[in-house]
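*Asks:* This is the content of protein.txt (compact mmCIF, N, CA and C atoms):
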```txt
# COMPACT_ATOMS: atom_id res chain seq x y z
N MET A 22 -18.40 41.42 -15.39
CA MET A 22 -19.00 40.76 -14.26
C MET A 22 -19.36 39.31 -14.59
N VAL A 23 -20.00 39.11 -15.75
CA VAL A 23 -20.38 37.76 -16.16
C VAL A 23 -19.13 36.92 -16.38
N LEU A 24 -18.11 37.50 -17.02
CA LEU A 24 -16.86 36.77 -17.28
C LEU A 24 -16.20 36.37 -15.95
N GLY A 25 -16.20 37.26 -14.97
CA GLY A 25 -15.62 36.97 -13.65
C GLY A 25 -16.36 35.83 -12.96
N THR A 26 -17.69 35.84 -13.06
CA THR A 26 -18.50 34.79 -12.46
C THR A 26 -18.22 33.45 -13.13
N LEU A 27 -18.14 33.45 -14.47
CA LEU A 27 -17.85 32.21 -15.20
C LEU A 27 -16.47 31.68 -14.84
N LEU A 28 -15.51 32.57 -14.73
CA LEU A 28 -14.15 32.16 -14.36
C LEU A 28 -14.14 31.56 -12.96
N LEU A 29 -14.85 32.19 -12.03
CA LEU A 29 -14.93 31.67 -10.67
C LEU A 29 -15.59 30.29 -10.65
N LEU A 30 -16.65 30.11 -11.41
CA LEU A 30 -17.33 28.81 -11.47
C LEU A 30 -16.43 27.75 -12.09
N ALA A 31 -15.55 28.14 -12.98
CA ALA A 31 -14.63 27.18 -13.60
C ALA A 31 -13.51 26.79 -12.63
N VAL A 32 -13.11 27.68 -11.75
CA VAL A 32 -12.00 27.43 -10.83
C VAL A 32 -12.43 26.63 -9.61
N ILE A 33 -13.63 26.82 -9.11
CA ILE A 33 -14.10 26.16 -7.89
C ILE A 33 -13.98 24.63 -7.97
N PRO A 34 -14.43 23.97 -9.04
CA PRO A 34 -14.30 22.52 -9.07
C PRO A 34 -12.85 22.06 -8.98
N PHE A 35 -11.91 22.78 -9.59
CA PHE A 35 -10.50 22.39 -9.54
C PHE A 35 -9.95 22.55 -8.13
N ALA A 36 -10.36 23.57 -7.41
CA ALA A 36 -9.91 23.76 -6.03
C ALA A 36 -10.45 22.63 -5.15
N ALA A 37 -11.69 22.25 -5.34
CA ALA A 37 -12.26 21.15 -4.57
C ALA A 37 -11.56 19.84 -4.90
N LEU A 38 -11.21 19.65 -6.16
CA LEU A 38 -10.51 18.44 -6.58
C LEU A 38 -9.14 18.36 -5.93
N ARG A 39 -8.41 19.47 -5.87
CA ARG A 39 -7.10 19.50 -5.22
C ARG A 39 -7.23 19.18 -3.74
N ALA A 40 -8.22 19.72 -3.07
CA ALA A 40 -8.42 19.47 -1.65
C ALA A 40 -8.72 18.00 -1.40
N GLN A 41 -9.56 17.42 -2.25
CA GLN A 41 -9.87 16.00 -2.11
C GLN A 41 -8.62 15.17 -2.34
N SER A 42 -7.82 15.51 -3.32
CA SER A 42 -6.61 14.76 -3.61
C SER A 42 -5.63 14.81 -2.45
N ALA A 43 -5.51 15.96 -1.79
CA ALA A 43 -4.61 16.08 -0.64
C ALA A 43 -5.10 15.18 0.50
N ALA A 44 -6.39 15.18 0.76
CA ALA A 44 -6.95 14.32 1.81
C ALA A 44 -6.79 12.86 1.43
N ASP A 45 -7.03 12.55 0.16
CA ASP A 45 -6.86 11.17 -0.31
C ASP A 45 -5.41 10.74 -0.22
N SER A 46 -4.50 11.59 -0.64
CA SER A 46 -3.07 11.26 -0.55
C SER A 46 -2.67 10.97 0.88
N SER A 47 -3.16 11.76 1.80
CA SER A 47 -2.87 11.56 3.22
C SER A 47 -3.42 10.22 3.71
N GLY A 48 -4.64 9.89 3.32
CA GLY A 48 -5.26 8.63 3.72
C GLY A 48 -4.56 7.42 3.13
N ILE A 49 -4.14 7.55 1.88
CA ILE A 49 -3.41 6.46 1.21
C ILE A 49 -2.05 6.25 1.88
N ARG A 50 -1.35 7.33 2.11
CA ARG A 50 -0.03 7.25 2.77
C ARG A 50 -0.19 6.64 4.16
N GLN A 51 -1.24 7.03 4.90
CA GLN A 51 -1.45 6.49 6.24
C GLN A 51 -1.73 4.99 6.19
N ALA A 52 -2.53 4.54 5.24
CA ALA A 52 -2.80 3.09 5.11
C ALA A 52 -1.50 2.34 4.82
N ALA A 53 -0.68 2.88 3.92
CA ALA A 53 0.59 2.23 3.58
C ALA A 53 1.52 2.18 4.79
N LEU A 54 1.58 3.27 5.56
CA LEU A 54 2.44 3.30 6.75
C LEU A 54 1.90 2.41 7.87
N ASP A 55 0.57 2.34 8.02
CA ASP A 55 0.00 1.42 9.01
C ASP A 55 0.40 -0.02 8.67
N TYR A 56 0.40 -0.33 7.40
CA TYR A 56 0.75 -1.67 6.92
C TYR A 56 2.23 -1.98 7.20
N ILE A 57 3.14 -1.13 6.74
CA ILE A 57 4.57 -1.46 6.86
C ILE A 57 5.09 -1.22 8.27
N GLU A 58 4.69 -0.12 8.92
CA GLU A 58 5.15 0.11 10.30
C GLU A 58 4.50 -0.87 11.26
N GLY A 59 3.25 -1.23 11.01
CA GLY A 59 2.60 -2.25 11.82
C GLY A 59 3.36 -3.56 11.75
N TYR A 60 3.79 -3.92 10.53
CA TYR A 60 4.58 -5.15 10.35
C TYR A 60 5.89 -5.07 11.13
N TYR A 61 6.63 -3.97 10.94
CA TYR A 61 7.92 -3.82 11.63
C TYR A 61 7.77 -3.84 13.15
N ASP A 62 6.70 -3.27 13.67
CA ASP A 62 6.50 -3.17 15.12
C ASP A 62 5.78 -4.38 15.72
N GLY A 63 5.33 -5.30 14.86
CA GLY A 63 4.56 -6.44 15.36
C GLY A 63 3.19 -6.02 15.89
N ASP A 64 2.63 -4.96 15.32
CA ASP A 64 1.35 -4.39 15.76
C ASP A 64 0.23 -4.90 14.85
N GLY A 65 -0.37 -6.01 15.26
CA GLY A 65 -1.42 -6.64 14.45
C GLY A 65 -2.62 -5.76 14.24
N ALA A 66 -3.00 -4.95 15.24
CA ALA A 66 -4.16 -4.06 15.10
C ALA A 66 -3.89 -3.00 14.03
N ARG A 67 -2.68 -2.50 14.00
CA ARG A 67 -2.35 -1.48 12.99
C ARG A 67 -2.34 -2.10 11.59
N MET A 68 -1.80 -3.31 11.47
CA MET A 68 -1.82 -4.01 10.19
C MET A 68 -3.26 -4.24 9.75
N GLU A 69 -4.09 -4.73 10.66
CA GLU A 69 -5.48 -5.02 10.32
C GLU A 69 -6.22 -3.77 9.86
N ARG A 70 -5.94 -2.64 10.49
CA ARG A 70 -6.57 -1.37 10.12
C ARG A 70 -6.25 -0.98 8.68
N ALA A 71 -5.07 -1.36 8.20
CA ALA A 71 -4.62 -0.98 6.86
C ALA A 71 -5.24 -1.83 5.74
N LEU A 72 -5.76 -3.00 6.09
CA LEU A 72 -6.16 -3.99 5.08
C LEU A 72 -7.67 -4.13 4.93
N HIS A 73 -8.08 -4.36 3.69
CA HIS A 73 -9.44 -4.84 3.45
C HIS A 73 -9.46 -6.31 3.89
N PRO A 74 -10.54 -6.79 4.51
CA PRO A 74 -10.57 -8.18 4.99
C PRO A 74 -10.35 -9.23 3.90
N GLU A 75 -10.61 -8.89 2.66
CA GLU A 75 -10.44 -9.85 1.57
C GLU A 75 -9.17 -9.59 0.75
N LEU A 76 -8.20 -8.90 1.34
CA LEU A 76 -6.94 -8.62 0.67
C LEU A 76 -6.27 -9.91 0.19
N ALA A 77 -5.58 -9.80 -0.94
CA ALA A 77 -4.70 -10.87 -1.42
C ALA A 77 -3.32 -10.25 -1.63
N LYS A 78 -2.30 -10.89 -1.02
CA LYS A 78 -0.91 -10.48 -1.22
C LYS A 78 -0.25 -11.62 -1.98
N ARG A 79 0.35 -11.28 -3.13
CA ARG A 79 0.89 -12.32 -4.01
C ARG A 79 2.32 -12.01 -4.42
N ILE A 80 3.04 -13.09 -4.70
CA ILE A 80 4.40 -13.00 -5.25
C ILE A 80 4.55 -14.08 -6.30
N VAL A 81 5.24 -13.75 -7.39
CA VAL A 81 5.56 -14.75 -8.42
C VAL A 81 6.98 -15.22 -8.16
N ARG A 82 7.14 -16.51 -8.01
CA ARG A 82 8.47 -17.11 -7.79
C ARG A 82 8.73 -18.13 -8.88
N THR A 83 9.99 -18.34 -9.16
CA THR A 83 10.38 -19.32 -10.17
C THR A 83 11.02 -20.51 -9.46
N ASN A 84 10.51 -21.72 -9.74
CA ASN A 84 11.06 -22.91 -9.08
C ASN A 84 12.33 -23.38 -9.78
N GLU A 85 12.91 -24.46 -9.29
CA GLU A 85 14.18 -24.99 -9.84
C GLU A 85 14.06 -25.42 -11.29
N GLN A 86 12.86 -25.75 -11.74
CA GLN A 86 12.62 -26.14 -13.13
C GLN A 86 12.35 -24.94 -14.04
N GLY A 87 12.39 -23.75 -13.48
CA GLY A 87 12.17 -22.54 -14.26
C GLY A 87 10.71 -22.19 -14.47
N ARG A 88 9.83 -22.86 -13.75
CA ARG A 88 8.40 -22.59 -13.88
C ARG A 88 7.96 -21.60 -12.82
N SER A 89 7.09 -20.70 -13.23
CA SER A 89 6.56 -19.70 -12.30
C SER A 89 5.52 -20.30 -11.38
N GLN A 90 5.54 -19.85 -10.14
CA GLN A 90 4.54 -20.25 -9.15
C GLN A 90 4.03 -19.00 -8.46
N LEU A 91 2.77 -19.02 -8.07
CA LEU A 91 2.16 -17.88 -7.41
C LEU A 91 2.00 -18.20 -5.93
N GLY A 92 2.71 -17.43 -5.09
CA GLY A 92 2.53 -17.54 -3.65
C GLY A 92 1.52 -16.52 -3.20
N GLN A 93 0.72 -16.87 -2.20
CA GLN A 93 -0.35 -15.97 -1.79
C GLN A 93 -0.51 -15.94 -0.28
N MET A 94 -0.82 -14.75 0.24
CA MET A 94 -1.17 -14.56 1.65
C MET A 94 -2.50 -13.81 1.71
N SER A 95 -3.26 -14.10 2.73
CA SER A 95 -4.54 -13.40 2.94
C SER A 95 -4.34 -12.29 3.98
N ALA A 96 -5.38 -11.49 4.14
CA ALA A 96 -5.34 -10.45 5.17
C ALA A 96 -5.13 -11.08 6.54
N MET A 97 -5.84 -12.17 6.81
CA MET A 97 -5.73 -12.80 8.13
C MET A 97 -4.33 -13.36 8.37
N SER A 98 -3.71 -13.96 7.34
CA SER A 98 -2.36 -14.48 7.54
C SER A 98 -1.36 -13.35 7.80
N LEU A 99 -1.56 -12.19 7.15
CA LEU A 99 -0.69 -11.04 7.42
C LEU A 99 -0.90 -10.52 8.84
N VAL A 100 -2.14 -10.44 9.29
CA VAL A 100 -2.43 -9.94 10.63
C VAL A 100 -1.86 -10.90 11.68
N LEU A 101 -2.09 -12.20 11.49
CA LEU A 101 -1.58 -13.17 12.46
C LEU A 101 -0.06 -13.21 12.47
N GLY A 102 0.55 -13.14 11.29
CA GLY A 102 2.01 -13.11 11.21
C GLY A 102 2.59 -11.86 11.88
N THR A 103 1.89 -10.75 11.74
CA THR A 103 2.33 -9.51 12.38
C THR A 103 2.20 -9.63 13.89
N ARG A 104 1.06 -10.16 14.36
CA ARG A 104 0.87 -10.34 15.80
C ARG A 104 1.92 -11.28 16.40
N ALA A 105 2.39 -12.24 15.60
CA ALA A 105 3.40 -13.20 16.05
C ALA A 105 4.80 -12.59 16.10
N GLY A 106 4.94 -11.36 15.69
CA GLY A 106 6.24 -10.70 15.76
C GLY A 106 6.58 -9.94 14.50
N GLY A 107 5.98 -10.33 13.38
CA GLY A 107 6.19 -9.60 12.13
C GLY A 107 7.66 -9.35 11.86
N GLY A 108 7.99 -8.10 11.64
CA GLY A 108 9.35 -7.72 11.30
C GLY A 108 10.12 -7.15 12.48
N LYS A 109 9.74 -7.49 13.70
CA LYS A 109 10.40 -6.94 14.88
C LYS A 109 11.89 -7.25 14.93
N ASP A 110 12.31 -8.34 14.27
CA ASP A 110 13.73 -8.72 14.27
C ASP A 110 14.55 -7.90 13.28
N ILE A 111 13.88 -7.16 12.41
CA ILE A 111 14.60 -6.32 11.45
C ILE A 111 15.14 -5.11 12.21
N PRO A 112 16.46 -4.87 12.15
CA PRO A 112 17.02 -3.72 12.86
C PRO A 112 16.34 -2.42 12.43
N VAL A 113 16.12 -1.54 13.39
CA VAL A 113 15.42 -0.27 13.14
C VAL A 113 16.08 0.50 11.98
N ALA A 114 17.40 0.50 11.92
CA ALA A 114 18.11 1.23 10.86
C ALA A 114 17.82 0.66 9.48
N ASP A 115 17.38 -0.61 9.40
CA ASP A 115 17.10 -1.26 8.12
C ASP A 115 15.62 -1.26 7.76
N ARG A 116 14.78 -0.64 8.55
CA ARG A 116 13.33 -0.66 8.32
C ARG A 116 12.93 0.43 7.33
N HIS A 117 13.18 0.16 6.07
CA HIS A 117 12.79 1.12 5.02
C HIS A 117 11.27 1.14 4.89
N LYS A 118 10.74 2.31 4.62
CA LYS A 118 9.28 2.47 4.49
C LYS A 118 8.96 3.63 3.55
N ASP A 119 9.63 3.64 2.42
CA ASP A 119 9.45 4.72 1.45
C ASP A 119 8.17 4.49 0.65
N VAL A 120 7.22 5.40 0.77
CA VAL A 120 5.92 5.28 0.11
C VAL A 120 5.87 6.22 -1.09
N THR A 121 5.48 5.67 -2.25
CA THR A 121 5.27 6.44 -3.46
C THR A 121 3.83 6.20 -3.92
N ILE A 122 3.08 7.28 -4.10
CA ILE A 122 1.72 7.16 -4.64
C ILE A 122 1.81 7.40 -6.14
N PHE A 123 1.37 6.41 -6.91
CA PHE A 123 1.43 6.51 -8.37
C PHE A 123 0.22 7.21 -8.96
N ASP A 124 -0.97 6.85 -8.47
CA ASP A 124 -2.18 7.38 -9.09
C ASP A 124 -3.35 7.27 -8.13
N ILE A 125 -4.25 8.23 -8.23
CA ILE A 125 -5.52 8.22 -7.50
C ILE A 125 -6.61 8.54 -8.51
N TYR A 126 -7.60 7.69 -8.59
CA TYR A 126 -8.75 7.96 -9.46
C TYR A 126 -10.00 7.62 -8.69
N GLN A 127 -10.73 8.63 -8.30
CA GLN A 127 -11.96 8.50 -7.52
C GLN A 127 -11.68 7.68 -6.26
N SER A 128 -12.17 6.45 -6.19
CA SER A 128 -12.00 5.63 -4.98
C SER A 128 -10.98 4.51 -5.16
N ALA A 129 -10.09 4.66 -6.13
CA ALA A 129 -9.05 3.67 -6.38
C ALA A 129 -7.69 4.36 -6.43
N ALA A 130 -6.66 3.64 -5.97
CA ALA A 130 -5.32 4.21 -5.99
C ALA A 130 -4.29 3.11 -6.14
N SER A 131 -3.11 3.52 -6.59
CA SER A 131 -1.98 2.62 -6.75
C SER A 131 -0.76 3.25 -6.10
N ALA A 132 -0.02 2.45 -5.32
CA ALA A 132 1.14 2.98 -4.60
C ALA A 132 2.21 1.90 -4.49
N LYS A 133 3.38 2.31 -4.01
CA LYS A 133 4.50 1.39 -3.82
C LYS A 133 5.15 1.67 -2.48
N ILE A 134 5.60 0.60 -1.82
CA ILE A 134 6.42 0.72 -0.62
C ILE A 134 7.75 0.04 -0.90
N TYR A 135 8.83 0.80 -0.76
CA TYR A 135 10.17 0.24 -0.81
C TYR A 135 10.51 -0.12 0.62
N ALA A 136 10.58 -1.42 0.92
CA ALA A 136 10.77 -1.90 2.28
C ALA A 136 12.17 -2.51 2.44
N SER A 137 12.40 -3.13 3.58
CA SER A 137 13.73 -3.63 3.93
C SER A 137 14.29 -4.64 2.93
N GLY A 138 13.56 -5.67 2.63
CA GLY A 138 14.07 -6.70 1.73
C GLY A 138 13.18 -6.93 0.52
N TRP A 139 12.25 -6.04 0.30
CA TRP A 139 11.27 -6.26 -0.77
C TRP A 139 10.64 -4.93 -1.18
N VAL A 140 9.84 -5.01 -2.26
CA VAL A 140 9.02 -3.90 -2.72
C VAL A 140 7.59 -4.41 -2.80
N ASP A 141 6.65 -3.65 -2.25
CA ASP A 141 5.23 -3.96 -2.32
C ASP A 141 4.56 -2.97 -3.27
N TYR A 142 3.83 -3.49 -4.24
CA TYR A 142 2.97 -2.66 -5.09
C TYR A 142 1.55 -2.82 -4.57
N LEU A 143 0.92 -1.71 -4.20
CA LEU A 143 -0.38 -1.72 -3.53
C LEU A 143 -1.49 -1.21 -4.44
N HIS A 144 -2.62 -1.87 -4.36
CA HIS A 144 -3.88 -1.33 -4.88
C HIS A 144 -4.72 -1.01 -3.65
N LEU A 145 -5.22 0.20 -3.60
CA LEU A 145 -6.02 0.64 -2.47
C LEU A 145 -7.40 1.07 -2.95
N ALA A 146 -8.36 0.99 -2.03
CA ALA A 146 -9.72 1.43 -2.32
C ALA A 146 -10.23 2.24 -1.13
N LYS A 147 -11.06 3.22 -1.44
CA LYS A 147 -11.73 3.96 -0.38
C LYS A 147 -12.94 3.14 0.01
N TRP A 148 -12.90 2.58 1.20
CA TRP A 148 -13.89 1.62 1.68
C TRP A 148 -14.57 2.21 2.91
N ASN A 149 -15.85 2.48 2.82
CA ASN A 149 -16.58 3.10 3.93
C ASN A 149 -15.89 4.39 4.41
N GLY A 150 -15.42 5.18 3.43
CA GLY A 150 -14.83 6.47 3.73
C GLY A 150 -13.37 6.44 4.15
N ARG A 151 -12.72 5.26 4.14
CA ARG A 151 -11.35 5.12 4.60
C ARG A 151 -10.54 4.34 3.57
N TRP A 152 -9.30 4.75 3.34
CA TRP A 152 -8.44 4.05 2.38
C TRP A 152 -7.88 2.78 3.01
N VAL A 153 -8.04 1.66 2.29
CA VAL A 153 -7.51 0.37 2.74
C VAL A 153 -6.82 -0.32 1.56
N ILE A 154 -5.91 -1.21 1.87
CA ILE A 154 -5.18 -1.97 0.86
C ILE A 154 -6.00 -3.19 0.48
N VAL A 155 -6.23 -3.36 -0.82
CA VAL A 155 -7.04 -4.46 -1.33
C VAL A 155 -6.15 -5.56 -1.93
N ASN A 156 -5.11 -5.16 -2.64
CA ASN A 156 -4.19 -6.11 -3.28
C ASN A 156 -2.76 -5.67 -3.07
N VAL A 157 -1.87 -6.65 -2.95
CA VAL A 157 -0.43 -6.37 -2.91
C VAL A 157 0.25 -7.38 -3.82
N LEU A 158 1.08 -6.88 -4.73
CA LEU A 158 1.99 -7.73 -5.52
C LEU A 158 3.38 -7.32 -5.08
N TRP A 159 4.19 -8.29 -4.65
CA TRP A 159 5.48 -7.94 -4.09
C TRP A 159 6.60 -8.73 -4.73
N GLU A 160 7.79 -8.19 -4.54
CA GLU A 160 9.00 -8.78 -5.12
C GLU A 160 10.14 -8.57 -4.14
N LEU A 161 10.94 -9.60 -3.96
CA LEU A 161 12.12 -9.50 -3.08
C LEU A 161 13.22 -8.72 -3.77
N HIS A 162 14.03 -8.01 -2.97
CA HIS A 162 15.23 -7.37 -3.53
C HIS A 162 16.20 -8.48 -3.96
N PRO A 163 16.95 -8.26 -5.00
CA PRO A 163 17.95 -9.27 -5.40
C PRO A 163 18.96 -9.49 -4.28
N ARG A 164 19.39 -10.73 -4.16
CA ARG A 164 20.42 -11.05 -3.16
C ARG A 164 21.77 -10.59 -3.68
N PRO A 165 22.57 -10.03 -2.77
CA PRO A 165 23.92 -9.62 -3.20
C PRO A 165 24.73 -10.84 -3.68
N LYS A 166 25.53 -10.62 -4.71
CA LYS A 166 26.32 -11.74 -5.25
C LYS A 166 27.71 -11.71 -4.74
```
How does the structure come out when it is put into structure tokens?
*Replies:*
Amino acid sequence: MVLGTLLLLAVIPFAALRAQSAADSSGIRQAALDYIEGYYDGDGARMERALHPELAKRIVRTNEQGRSQLGQMSAMSLVLGTRAGGGKDIPVADRHKDVTIFDIYQSAASAKIYASGWVDYLHLAKWNGRWVIVNVLWELHPRPK
């Protein structure tokens, strides 16, 4: 009886952890889809819902002299760009939105979106009970030669 009770007490925390992870995975995936589908549809409200207001989206580019430069967008520039049409010109058949969640640790997560012409690496945080994107580092797909 005591052994059964101890075993049950050992299993309960793992079951709760799995349930939390499933809910977190769903929330993370939803934030990523709100971000990329909002962009494709030109839905600024959906994009805004996905982002922390202080988000930074960055890309490293190399100039003609071979020096690296950091390009940056804010949450507001992403929302305004999305409201202005975003990716509406991208044909529906080319609107890739493959989401991969790499890791979840408490209120932090890391994920990737394979999109039409680029890849976004996302850092997300659980903010006021909801998953939002805090940072994005992105890279363009190589141009065909």
*Asks:* Pick from A:Arg88, A:Trp152, A:Gly102, A:Val81: nearest to Tyr60 of chain A, with all atoms listed in the file counted?
*Replies:* A:Gly102
*Asks:* Which value, in Å to one decimal, gives the distance between atom C of His162 of chain A and atom CA of Val140 of chain A?
*Replies:*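 Computed distance, atom C of His162 of chain A to atom CA of Val140 of chain A, equals 8.6 Å.
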*Asks:* In Å to one decimal, how far is atom C of Ile111 of chain A from atom N of Val153 of chain A?
*Replies:*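 Answer for the atom N of Val153 of chain A to atom C of Ile111 of chain A separation: 26.1 Å.
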*Asks:* Check the smallest atom-to-atom distance from each of A:Gln93, A:Asp55, A:Tyr135, A:Ala71 to Arg116 of chain A using all atoms listed in the file, then report the winner.
*Replies:*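 Using all atoms listed in the file, Arg116 of chain A sits closest to A:Tyr135.
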*Asks:* So what do you get for atom N of Glu58 of chain A versus atom N of Ala132 of chain A, distance-wise?
*Replies:*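 Atom N of Ala132 of chain A lies 15.2 Å from atom N of Glu58 of chain A.
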*Asks:* Identify, on the basis of all atoms listed in the file, every residue whose closest approach to Trp139 of chain A does not exceed 8 Å; exclude the query and any residue fewer than 4 positions from it along the same chain; express the result as a ChimeraX atom specification.
*Replies:* /A:134-135,159-163
*Asks:* Which residues are near Gly63 of chain A? Cut-off 6.5 Å, all atoms listed in the file, ignore same chain within fewer than 6 positions. Put them as a list in words.
*Replies:* Thr103, Arg104, Ala105, Gly106, Gly107, Gly108 and Lys109 of chain A
*Asks:* Taking every listed atom of segment 150-154 of chain A and adding 5 Å to each side, what centre and edge lengths in Å (one decimal) does the axis-aligned box have, as lines of an AutoDock Vina configuration file?
*Replies:*
```
center_x = -10.3
center_y = 1.6
center_z = 2.5
size_x = 20.2
size_y = 19.7
size_z = 14.1
```
*Asks:* Got a sec: who's within 7 Å of Pro74 of chain A, counting all atoms listed in the file, leaving out chain neighbours fewer than 2 positions off, as a PDB file with N, CA and C atoms, in the coordinates of the input?
*Replies:*
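Here's the written file out.pdb:
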```
ATOM      1  N   LEU A  72      -5.760  -3.000   6.090  1.00  0.00           N
ATOM      2  CA  LEU A  72      -6.160  -3.990   5.080  1.00  0.00           C
ATOM      3  C   LEU A  72      -7.670  -4.130   4.930  1.00  0.00           C
ATOM      4  N   LEU A  76      -8.200  -8.900   1.340  1.00  0.00           N
ATOM      5  CA  LEU A  76      -6.940  -8.620   0.670  1.00  0.00           C
ATOM      6  C   LEU A  76      -6.270  -9.910   0.190  1.00  0.00           C
ATOM      7  N   ALA A  77      -5.580  -9.800  -0.940  1.00  0.00           N
ATOM      8  CA  ALA A  77      -4.700 -10.870  -1.420  1.00  0.00           C
ATOM      9  C   ALA A  77      -3.320 -10.250  -1.630  1.00  0.00           C
ATOM     10  N   SER A  95      -3.260 -14.100   2.730  1.00  0.00           N
ATOM     11  CA  SER A  95      -4.540 -13.400   2.940  1.00  0.00           C
ATOM     12  C   SER A  95      -4.340 -12.290   3.980  1.00  0.00           C
ATOM     13  N   ALA A  96      -5.380 -11.490   4.140  1.00  0.00           N
ATOM     14  CA  ALA A  96      -5.340 -10.450   5.170  1.00  0.00           C
ATOM     15  C   ALA A  96      -5.130 -11.080   6.540  1.00  0.00           C
ATOM     16  N   MET A  97      -5.840 -12.170   6.810  1.00  0.00           N
ATOM     17  CA  MET A  97      -5.730 -12.800   8.130  1.00  0.00           C
ATOM     18  C   MET A  97      -4.330 -13.360   8.370  1.00  0.00           C
TER      19      MET A  97
END
```
*Asks:* Per DSSP on the backbone, filter chain A down to the residues in alpha helix (DSSP H) and report them as a PyMOL selection string.
*Replies:* chain A and resi 23-62+65-71+96-104
*Asks:* Which residues, written as number ranges by chain, have at least one atom at most 8 Å from segment 120-123 of chain A, with only N, CA and C atoms counted and residues fewer than 4 positions away on the same chain left out?
*Replies:* A: 46, 49-50, 53-54, 130-136
*Asks:* Write down as a PyMOL selection string the residues belonging to segment 44-142 of chain A that are assigned strand (DSSP E) by DSSP computed on the backbone.
*Replies:* chain A and resi 72-83+89-95+118-126+129-136+139-142
*Asks:* Kindly indicate which residue among A:Ile154, A:Ala66, A:Ile57, A:Leu143 lies nearest to Val100 of chain A, using only N, CA and C atoms for the distances.
*Replies:*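 Among the listed residues, the smallest separation from Val100 of chain A belongs to A:Ala66.
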*Asks:* Tell me which protein, DNA and RNA residues are within 10 Å of Trp148 of chain A, counting only C-alpha atoms, leaving out same-chain ones fewer than 6 positions away, and put them as a list in words.
*Replies:*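 The filter keeps His73, Ser128, Ala129, Ile154 and Val155 of chain A.
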*Asks:* Export N, CA and C atoms of the chosen residues as a PDB file, in the frame of the given file?
*Replies:*
```
ATOM      1  N   HIS A  73      -8.080  -4.360   3.690  1.00  0.00           N
ATOM      2  CA  HIS A  73      -9.440  -4.840   3.450  1.00  0.00           C
ATOM      3  C   HIS A  73      -9.460  -6.310   3.890  1.00  0.00           C
ATOM      4  N   SER A 128     -12.170   6.450  -6.190  1.00  0.00           N
ATOM      5  CA  SER A 128     -12.000   5.630  -4.980  1.00  0.00           C
ATOM      6  C   SER A 128     -10.980   4.510  -5.160  1.00  0.00           C
ATOM      7  N   ALA A 129     -10.090   4.660  -6.130  1.00  0.00           N
ATOM      8  CA  ALA A 129      -9.050   3.670  -6.380  1.00  0.00           C
ATOM      9  C   ALA A 129      -7.690   4.360  -6.430  1.00  0.00           C
ATOM     10  N   ILE A 154      -5.910  -1.210   1.870  1.00  0.00           N
ATOM     11  CA  ILE A 154      -5.180  -1.970   0.860  1.00  0.00           C
ATOM     12  C   ILE A 154      -6.000  -3.190   0.480  1.00  0.00           C
ATOM     13  N   VAL A 155      -6.230  -3.360  -0.820  1.00  0.00           N
ATOM     14  CA  VAL A 155      -7.040  -4.460  -1.330  1.00  0.00           C
ATOM     15  C   VAL A 155      -6.150  -5.560  -1.930  1.00  0.00           C
TER      16      VAL A 155
END
```
*Asks:* Between A:Lys166, A:Glu85, A:Asp62, A:Leu145, which one has atoms that come closest to Asp110 of chain A, using all atoms listed in the file?
*Replies:*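 Closest to Asp110 of chain A of all the choices is A:Asp62.
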